[in-house]
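K.L.:
Before we start, here is the structure in question, set down as structure tokens.
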Amino acid sequence: MGLVKRSLGVFALAALLLACGCGGGKPGADGNSGPGNKPHAKLLVIGLDSADFKLLDPLMADGKLPHLKAFRAQAASGRMQSFYPLEKSPLLWASICTGVLPSVHGVDNFVKGDEDKPVTGSAWHAPALWDIIGAAGRTTFVNGMWVTFPARPIKGVMVSDYLPYGAERSRPLAGLVFPDSLTDKVVACRADPVSFTAAQLARFFPAGTDVAALEKAYPDQLQKLRNIWAADQGYLNVARQLKDQRAVDLFFFYLRGPDMISHGFYHYLAIPPADWHRDPAERAAFTEIVPRYYEWVDEAVGEVLSWFPADYPTVMVSDHGFYGPRNEGKGVVEHAEWGIFMVRSPLYTPGATFGHLKLLDICPTLLALLDLPPAKDMSGVVLAEALTPAGQSRIPHIEKNRVTSYLALRPAAGTTPVETDEKVDEEIRRQLRSLGYIK
Ligand SMILES: [Zn+2]
């Protein structure tokens, strides 16, 4: 049944793409359509969970984050309005990747049921970008995206979000990565939280901090930092080892650490000194972690960008912003409504600012950048501000030729067996709890 459905979906997509002239013409990176044998439009997406210009702008103005700053100058950019009421990252990223509402894609939490079982990849009821472009015969590399364990078959490589977990197991969990044949290579990329030396961790603290002494005084905080950095380092290692995959049509590099580090440490930054009632030395020691973590993120972003040509079409995006803890009636929330969006492409004017863009506009826009039409059941629009002449001739055409729906391309449920390990589940719950993601 799944196969029948899938091939029907592929057939429908192929027919629609031919009908709208979006498939065979293979417009090049200059964004102009037309006959010929130009290569497919390709795209690098860098997802930075919870990145917020409110934090980044002052750092850039201060001469920090050189790669993000240089990229922003080459990109059209703007604040991205996320969902309100504020939502959790898995729900938001699934909405970014599918272009449809959570009621349609089905990914709405970290855990489910009375036992708080971590939600697995079979929760996706709508096709993601990699399914949609895969049906058009095109390839994806994606790493670490929420709710992607077990990694399911896609056209390309999917490194699931479970890579940091279960490191003590003698044999890796089945489904850490698709294809299976990459398992050993990917597992070898894991970073061990214990391995970071005090000298390596010193970059996250004010100059002169005795990190070893700090770790003795605040072991839980240091453990959080170690775990979060190790997970991000692991995914950067994977992307580095598999960077021959950069020939894929969509290279989607995602870091969860910025959000995790913010949940763990933003309050040191956000609570004014006058309202700080604990040890001032603690505040002084941890208050720079979040901005300093972004300096590491900036280095990682710079490295990933360096694997591609200097003008490679690239999007940087977050799923929400970050505010720090505040009481909003129902309890303490930390996310903020406004995330970031930046696009470097021949279709958009460098340095321009988008007036208003919403989270559900991202998927249609990414599809347009890949030269594929969005679907009519995606409620967002392809961003039509800040267009260059090439964008003005291309975007309305793509927008006008929406396909009816991509939903038939959704992955068939149950095709990827789930190997569960109660120890790994508990390890995940422990981490989610320690950062306040779940109770
Ligand atoms: Zn968060």
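By order of appearance in the structure tokens: chains A, B, ..., then residues from 1 within every chain, and ligands from 1 in the order shown.
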Can you pull out every residue with an atom within 10 Å of ligand 1? Use only C-alpha atoms and all ligand atoms and format it as a list in words.

P.N.:
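Counting only C-alpha atoms and all ligand atoms, the residues within 10 Å of ligand 1 come out as Asp49, Ser50, Leu86, Glu87, Lys88, Ser89, Pro90, Arg256, Gly257, Pro258, Asp259, Met260, Ile261, Ser262, His263, Gly264, Asp319, His320, Gly321, Phe322, Val333, Glu334, His335, Ala336, Leu435, Gly436 and Tyr437 of chain A.
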
K.L.:
List every residue of region 103-259 of chain A that DSSP, applied to the backbone of this structure, assigns to helix (DSSP H, G or I), and report them as a PyMOL selection string.

P.N.:
chain A and resi 103-105+121-123+129-135+180-187+193-195+198-204+211-217+219-241+243-247+257-259

K.L.:
If you keep C-alpha atoms, can you produce a file of those selected residues as a short mmCIF file (atom, residue, chain, number, x, y, z; two decimals), in the first residue's frame?

P.N.:
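To be explicit, this is the file written out as again03.cif:
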data_model
loop_
_atom_site.label_atom_id
_atom_site.label_comp_id
_atom_site.auth_asym_id
_atom_site.auth_seq_id
_atom_site.Cartn_x
_atom_site.Cartn_y
_atom_site.Cartn_z
CA SER A 103 -2.61 19.48 13.02
CA VAL A 104 -1.58 18.15 9.59
CA HIS A 105 2.05 17.06 10.16
CA GLY A 121 10.18 9.60 13.26
CA SER A 122 6.93 7.80 12.49
CA ALA A 123 5.12 10.82 13.99
CA LEU A 129 11.39 18.88 2.20
CA TRP A 130 13.57 15.79 1.72
CA ASP A 131 10.55 13.67 0.80
CA ILE A 132 9.24 16.29 -1.62
CA ILE A 133 12.51 16.92 -3.43
CA GLY A 134 13.32 13.20 -3.25
CA ALA A 135 10.14 12.48 -5.20
CA ASP A 180 22.81 1.97 7.37
CA SER A 181 26.15 1.56 5.62
CA LEU A 182 27.28 4.90 7.07
CA THR A 183 26.67 3.85 10.69
CA ASP A 184 30.32 3.18 11.65
CA LYS A 185 31.54 6.35 9.99
CA VAL A 186 28.86 8.45 11.71
CA VAL A 187 29.25 6.87 15.14
CA PRO A 193 31.36 15.06 26.72
CA VAL A 194 34.00 13.82 29.18
CA SER A 195 36.84 14.44 26.74
CA ALA A 198 39.37 22.65 31.16
CA ALA A 199 41.49 24.52 28.62
CA GLN A 200 38.98 23.74 25.86
CA LEU A 201 36.02 24.77 28.00
CA ALA A 202 37.72 28.01 29.04
CA ARG A 203 36.44 29.74 25.90
CA PHE A 204 32.94 29.84 27.41
CA VAL A 211 37.42 26.08 34.98
CA ALA A 212 38.45 23.01 36.98
CA ALA A 213 37.51 24.75 40.24
CA LEU A 214 34.28 26.01 38.71
CA GLU A 215 33.40 22.48 37.66
CA LYS A 216 33.92 21.26 41.23
CA ALA A 217 31.61 23.99 42.53
CA PRO A 219 29.13 20.13 38.40
CA ASP A 220 25.57 20.15 36.99
CA GLN A 221 26.08 23.32 34.98
CA LEU A 222 29.37 22.08 33.57
CA GLN A 223 27.80 18.73 32.70
CA LYS A 224 25.09 20.55 30.73
CA LEU A 225 27.69 22.54 28.84
CA ARG A 226 29.72 19.40 28.09
CA ASN A 227 26.67 17.48 26.81
CA ILE A 228 25.36 20.30 24.66
CA TRP A 229 28.73 21.10 23.09
CA ALA A 230 29.48 17.41 22.51
CA ALA A 231 26.20 16.93 20.63
CA ASP A 232 26.83 19.94 18.37
CA GLN A 233 30.49 18.96 17.88
CA GLY A 234 29.32 15.47 16.91
CA TYR A 235 27.03 16.81 14.22
CA LEU A 236 29.68 19.20 12.94
CA ASN A 237 32.10 16.24 12.76
CA VAL A 238 29.50 14.24 10.82
CA ALA A 239 28.92 17.06 8.35
CA ARG A 240 32.71 17.45 8.01
CA GLN A 241 33.27 13.73 7.42
CA LYS A 243 31.02 16.85 3.26
CA ASP A 244 31.47 15.05 -0.03
CA GLN A 245 27.68 15.03 0.29
CA ARG A 246 27.72 18.75 -0.47
CA ALA A 247 26.88 17.84 -4.05
CA GLY A 257 22.85 23.53 20.86
CA PRO A 258 21.98 27.24 20.69
CA ASP A 259 18.53 26.51 22.13
#

K.L.:
Can you pull out every residue from region 133-182 of chain A that DSSP, working from the backbone, puts in strand (DSSP E), and format the result as an MDAnalysis selection string?

P.N.:
chainID A and resid 140:143 156:159 177:178

K.L.:
Would you kindly return, as a list of chain:residue names, each protein, DNA or RNA residue with an atom no farther than 6 Å from any atom of region 386-393 of chain A, considering only C-alpha atoms and excluding same-chain residues fewer than 6 positions away?

P.N.:
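Using only C-alpha atoms, the neighbours found are A:Gly31, A:Leu347, A:Tyr348, A:Thr349, A:Ala352.
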
K.L.:
Store the residues picked out above in a file with N, CA, C and O atoms, as a PDB file, in the first residue's frame.

P.N.:
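File produced: out01.pdb:
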ATOM      1  N   GLY A  31      18.777  31.810 -11.401  1.00  0.00           N
ATOM      2  CA  GLY A  31      17.347  31.961 -11.166  1.00  0.00           C
ATOM      3  C   GLY A  31      16.545  32.116 -12.449  1.00  0.00           C
ATOM      4  O   GLY A  31      15.331  32.190 -12.404  1.00  0.00           O
ATOM      5  N   LEU A 347      18.117  35.535  -6.312  1.00  0.00           N
ATOM      6  CA  LEU A 347      16.720  35.980  -6.404  1.00  0.00           C
ATOM      7  C   LEU A 347      16.399  37.097  -5.412  1.00  0.00           C
ATOM      8  O   LEU A 347      15.362  37.753  -5.535  1.00  0.00           O
ATOM      9  N   TYR A 348      17.238  37.291  -4.387  1.00  0.00           N
ATOM     10  CA  TYR A 348      16.932  38.267  -3.334  1.00  0.00           C
ATOM     11  C   TYR A 348      18.079  39.278  -3.203  1.00  0.00           C
ATOM     12  O   TYR A 348      19.255  38.926  -3.338  1.00  0.00           O
ATOM     13  N   THR A 349      17.716  40.519  -2.893  1.00  0.00           N
ATOM     14  CA  THR A 349      18.680  41.614  -2.867  1.00  0.00           C
ATOM     15  C   THR A 349      19.553  41.573  -1.611  1.00  0.00           C
ATOM     16  O   THR A 349      19.025  41.603  -0.495  1.00  0.00           O
ATOM     17  N   ALA A 352      19.014  43.665   1.873  1.00  0.00           N
ATOM     18  CA  ALA A 352      17.629  44.116   2.030  1.00  0.00           C
ATOM     19  C   ALA A 352      16.993  43.496   3.272  1.00  0.00           C
ATOM     20  O   ALA A 352      17.450  42.471   3.773  1.00  0.00           O
TER      21      ALA A 352
END
